[in-house]
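Each remark here refers to the structure printed beneath this line.
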Amino acid sequence: MIRLFHISDLHFGLEDPAALTWFAECVRTEDPTAVLITGDLTMRARSHEFAAACEWIDALDVPVTVEVGNHDLPYFNPLARLFWPYERIRGIERLVERELDLAGVAVVPLKTTARAQWRLDWSKGWVTAAALTKTLAAIDALPCGTTTLVTAHHPLVEAGTRGRALTRGGERALTELARRGVAAVLTGHVHDAFDLMKDTTAGPIRMIGAGTLSQRIRSTPPSFNELVVDGTKIDVRVRNLAHVPTPDMQIDAVPPDALPPREPGEPVAPVGAVPPIDPPVH
Ligand SMILES: [Fe+2]
Ligand SMILES: [Fe+2]
């Protein structure tokens, strides 16, 4: 049995000190096998934000994996963004990541960020063909029977949360991961937790999202996911300082039509029936 703490979206620069202190104390007293971080370590990828994140992660003193989030790419320097977008985050990974030794369990990263995209909002996800090929090759190289967890920043398809990922190439990536029997895809970005099964043309696959440990909360208080992996069985508990029970912390998929039944001839979406759309959150 392996116990993993899955955290995301620390957003140093706008971190939540109480949440970070509480999480570090959980690690110190409970000694999980590893901590998996699914991106957005910083707010604006500034060097002092990375330094603070690095110091905090290092002090956890357990094996850690780090994925890159959209907030970890240079924000203020367009040249750095285009020519060496991953320099700082890769430097952090080299400093804090340690080899994981999880019996029968593998953690495989999938990059969902991009230095630029053919759309206005570059914070959204994009699984490029090269990124997917690299991840699939790593999965294919694993011994048969390995319980595989894929870690990425953006949910590959929407999970019903207020924040959205709109990941390009996500559906295809999810299908290929399902085809390979991946046990779960762990992500962040939307700042709310979820745990759901998605159907793909290659079969169902589990998607698990962690909330945030920053001040940038959406629908739920700061939290992290505790995963207990026992063979192919994965139990998820959403832990939070507010003591909200896990089922209430996990956002469910929004049904295709959540509006009350309509009378014949009634407009599909009467004025005022649709809640206002929030500004994007990342
Ligand atoms: Fe993000
Ligand atoms: Fe974020």
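Lettering and numbering for the structure tokens are positional, with chains as A, B, ... in the shown order, residues counted from 1 in each chain, and ligands counted from 1 in the shown order.
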
Got a sec: who's within 10 Å of region 11-13 of chain A, counting only C-alpha atoms, leaving out chain neighbours fewer than 3 positions off, as a list of chain:residue names?
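The contact residues come out as A:Ser8, A:Asp16, A:Pro17, A:Gly39, A:Asp40, A:Leu41, A:Thr42, A:Met43, A:Arg44, A:Ala45, A:Arg46, A:His48, A:Glu49, A:Phe50, A:Ala51, A:Ala52, A:Ala53, A:Cys54, A:Trp56, A:Gly69, A:His71, A:Asp72, A:Thr212, A:Leu213, A:Ser214, A:Gln215, A:Arg216.
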
Would you mind writing down, as an NGL selection string, each residue of region 103-233 of chain A that DSSP on the backbone assigns to strand (DSSP E)?
:A and (105-109 or 147-151 or 184-187 or 194-200 or 203-209 or 223-230 or 233)

Keeping only N, CA and C atoms, write the selected residues as a compact mmCIF listing (two decimals), in the first residue's frame.
# COMPACT_ATOMS: atom_id res chain seq x y z
N VAL A 105 3.97 0.79 -8.67
CA VAL A 105 3.27 2.02 -9.06
C VAL A 105 4.25 2.95 -9.77
N ALA A 106 3.83 3.54 -10.87
CA ALA A 106 4.67 4.49 -11.59
C ALA A 106 3.94 5.81 -11.76
N VAL A 107 4.70 6.90 -11.70
CA VAL A 107 4.15 8.23 -11.93
C VAL A 107 4.80 8.78 -13.20
N VAL A 108 3.98 9.03 -14.20
CA VAL A 108 4.50 9.47 -15.51
C VAL A 108 3.96 10.86 -15.82
N PRO A 109 4.85 11.82 -16.12
CA PRO A 109 4.38 13.19 -16.40
C PRO A 109 3.86 13.36 -17.82
N THR A 147 0.75 -0.20 -11.93
CA THR A 147 -0.34 0.76 -11.75
C THR A 147 0.20 2.14 -12.11
N THR A 148 -0.31 2.69 -13.20
CA THR A 148 0.28 3.93 -13.73
C THR A 148 -0.59 5.14 -13.43
N LEU A 149 0.05 6.14 -12.83
CA LEU A 149 -0.59 7.43 -12.59
C LEU A 149 0.07 8.45 -13.52
N VAL A 150 -0.70 9.18 -14.25
CA VAL A 150 -0.16 10.24 -15.10
C VAL A 150 -0.41 11.58 -14.42
N THR A 151 0.63 12.38 -14.32
CA THR A 151 0.50 13.70 -13.69
C THR A 151 0.62 14.79 -14.75
N ALA A 184 -5.13 6.43 -13.37
CA ALA A 184 -5.73 7.74 -13.12
C ALA A 184 -4.84 8.83 -13.70
N VAL A 185 -5.48 9.93 -14.09
CA VAL A 185 -4.75 11.13 -14.51
C VAL A 185 -4.94 12.16 -13.41
N LEU A 186 -3.84 12.61 -12.82
CA LEU A 186 -3.88 13.57 -11.71
C LEU A 186 -3.56 14.96 -12.24
N THR A 187 -4.42 15.92 -11.93
CA THR A 187 -4.22 17.27 -12.46
C THR A 187 -4.55 18.34 -11.41
N PHE A 194 -11.75 17.07 -7.72
CA PHE A 194 -12.77 16.19 -8.32
C PHE A 194 -12.18 14.78 -8.43
N ASP A 195 -13.07 13.84 -8.62
CA ASP A 195 -12.68 12.43 -8.79
C ASP A 195 -13.79 11.78 -9.59
N LEU A 196 -13.53 11.55 -10.85
CA LEU A 196 -14.62 11.04 -11.70
C LEU A 196 -14.08 10.11 -12.78
N MET A 197 -15.00 9.36 -13.37
CA MET A 197 -14.65 8.48 -14.48
C MET A 197 -15.13 9.14 -15.77
N LYS A 198 -14.28 9.08 -16.79
CA LYS A 198 -14.69 9.61 -18.10
C LYS A 198 -14.66 8.46 -19.10
N ASP A 199 -15.65 8.42 -19.96
CA ASP A 199 -15.66 7.42 -21.03
C ASP A 199 -14.88 7.95 -22.23
N THR A 200 -14.11 7.07 -22.82
CA THR A 200 -13.45 7.42 -24.08
C THR A 200 -13.74 6.27 -25.05
N GLY A 203 -12.33 3.13 -23.79
CA GLY A 203 -12.74 2.67 -22.46
C GLY A 203 -12.70 3.78 -21.44
N PRO A 204 -13.15 3.48 -20.22
CA PRO A 204 -13.22 4.53 -19.19
C PRO A 204 -11.84 4.80 -18.57
N ILE A 205 -11.70 6.00 -18.04
CA ILE A 205 -10.45 6.36 -17.35
C ILE A 205 -10.80 7.33 -16.22
N ARG A 206 -10.04 7.23 -15.15
CA ARG A 206 -10.31 8.04 -13.97
C ARG A 206 -9.54 9.36 -14.03
N MET A 207 -10.21 10.43 -13.67
CA MET A 207 -9.57 11.74 -13.59
C MET A 207 -9.67 12.24 -12.15
N ILE A 208 -8.53 12.60 -11.58
CA ILE A 208 -8.50 13.07 -10.19
C ILE A 208 -7.86 14.47 -10.18
N GLY A 209 -8.57 15.43 -9.65
CA GLY A 209 -8.04 16.79 -9.60
C GLY A 209 -7.81 17.21 -8.16
N SER A 223 -7.06 22.87 -0.15
CA SER A 223 -7.11 21.43 0.13
C SER A 223 -5.97 20.70 -0.57
N PHE A 224 -5.81 19.44 -0.19
CA PHE A 224 -4.96 18.53 -0.97
C PHE A 224 -5.62 17.16 -1.00
N ASN A 225 -5.18 16.33 -1.93
CA ASN A 225 -5.73 14.98 -2.06
C ASN A 225 -4.78 13.98 -1.42
N GLU A 226 -5.34 13.11 -0.61
CA GLU A 226 -4.57 11.97 -0.10
C GLU A 226 -5.01 10.74 -0.89
N LEU A 227 -4.05 10.10 -1.54
CA LEU A 227 -4.34 8.92 -2.35
C LEU A 227 -3.72 7.70 -1.68
N VAL A 228 -4.53 6.68 -1.48
CA VAL A 228 -4.00 5.40 -0.99
C VAL A 228 -4.13 4.41 -2.13
N VAL A 229 -2.98 3.95 -2.61
CA VAL A 229 -2.94 3.03 -3.75
C VAL A 229 -2.64 1.64 -3.23
N ASP A 230 -3.58 0.73 -3.49
CA ASP A 230 -3.41 -0.65 -3.04
C ASP A 230 -3.65 -1.54 -4.26
N LYS A 233 -6.40 -0.51 -6.79
CA LYS A 233 -7.43 0.26 -6.09
C LYS A 233 -6.84 1.59 -5.59

Using only C-alpha atoms and all ligand atoms, which residues of the polymer chains come no farther than 8 Å from ligand 1? I'd like the answer as a list in words.
Asp9, Gly39, Asp40, Gly69, Asn70, His71, Ser123, Lys124, His153, His154, Gly188, His189, Val190, Val281 and His282 of chain A

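Nearest residue to ligand 2, choosing from A:Pro247, A:Val96, A:Leu10, A:Ile234 and counting only C-alpha atoms and all ligand atoms: A:Leu10.
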
Would you kindly return, as number ranges by chain, each protein, DNA or RNA residue with an atom no farther than 12 Å from any atom of Gly170 (chain A), considering only C-alpha atoms and excluding same-chain residues fewer than 2 positions away?
A: 110-113, 124-129, 131-132, 152-158, 165-168, 172-177, 185, 200

Env of Thr29 (chain A): 12 Å cut, atoms = only C-alpha atoms, seq-sep filter 4 positions within chain, self excluded. Answer as a PyMOL selection string.
chain A and resi 22-25+60-62

Prev. selection, N, CA and C atoms, output as a PDB file, in the first residue's frame:
ATOM      1  N   TRP A  22       0.006  24.092   7.357  1.00  0.00           N
ATOM      2  CA  TRP A  22      -0.796  22.909   7.726  1.00  0.00           C
ATOM      3  C   TRP A  22      -0.376  21.701   6.883  1.00  0.00           C
ATOM      4  N   PHE A  23      -0.198  21.904   5.575  1.00  0.00           N
ATOM      5  CA  PHE A  23       0.183  20.771   4.725  1.00  0.00           C
ATOM      6  C   PHE A  23       1.567  20.238   5.126  1.00  0.00           C
ATOM      7  N   ALA A  24       2.501  21.136   5.347  1.00  0.00           N
ATOM      8  CA  ALA A  24       3.857  20.712   5.727  1.00  0.00           C
ATOM      9  C   ALA A  24       3.820  19.916   7.036  1.00  0.00           C
ATOM     10  N   GLU A  25       2.948  20.313   7.932  1.00  0.00           N
ATOM     11  CA  GLU A  25       2.812  19.597   9.203  1.00  0.00           C
ATOM     12  C   GLU A  25       2.211  18.201   8.967  1.00  0.00           C
ATOM     13  N   LEU A  60      10.016  19.834   2.887  1.00  0.00           N
ATOM     14  CA  LEU A  60       9.073  18.735   3.131  1.00  0.00           C
ATOM     15  C   LEU A  60       9.826  17.441   3.445  1.00  0.00           C
ATOM     16  N   ASP A  61      11.010  17.334   2.815  1.00  0.00           N
ATOM     17  CA  ASP A  61      11.907  16.225   3.127  1.00  0.00           C
ATOM     18  C   ASP A  61      11.291  14.848   2.834  1.00  0.00           C
ATOM     19  N   VAL A  62      10.523  14.763   1.767  1.00  0.00           N
ATOM     20  CA  VAL A  62      10.034  13.479   1.245  1.00  0.00           C
ATOM     21  C   VAL A  62      10.221  13.517  -0.275  1.00  0.00           C
TER      22      VAL A  62
END

Can you list, as a ChimeraX atom specification, all residues belonging to region 41-261 of chain A that DSSP tags as alpha helix (DSSP H)?
/A:47-60,78-83,87-96,129-140,170-179,246-249

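Nearest to Thr161 (chain A) of all the residues A:Ile251, A:Ala242, A:Val182, A:Ala141 is A:Ile251, counting only C-alpha atoms.
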
Choose the residue, out of A:Asp192, A:Asp235, A:Glu93, A:Asp252, that has the smallest atom-to-atom separation from ligand 2; count only C-alpha atoms and all ligand atoms.
A:Asp192

If we count only C-alpha atoms, what is near Pro74 (chain A) at a cut-off of 10 Å, once residues fewer than 4 positions away on the same chain are taken out, given as a PyMOL selection string?
chain A and resi 44-47+70+78-82+84-89+115

Any idea what the distance is between CA of Trp118 (chain A) and CA of Arg90 (chain A)?
24.6 Å
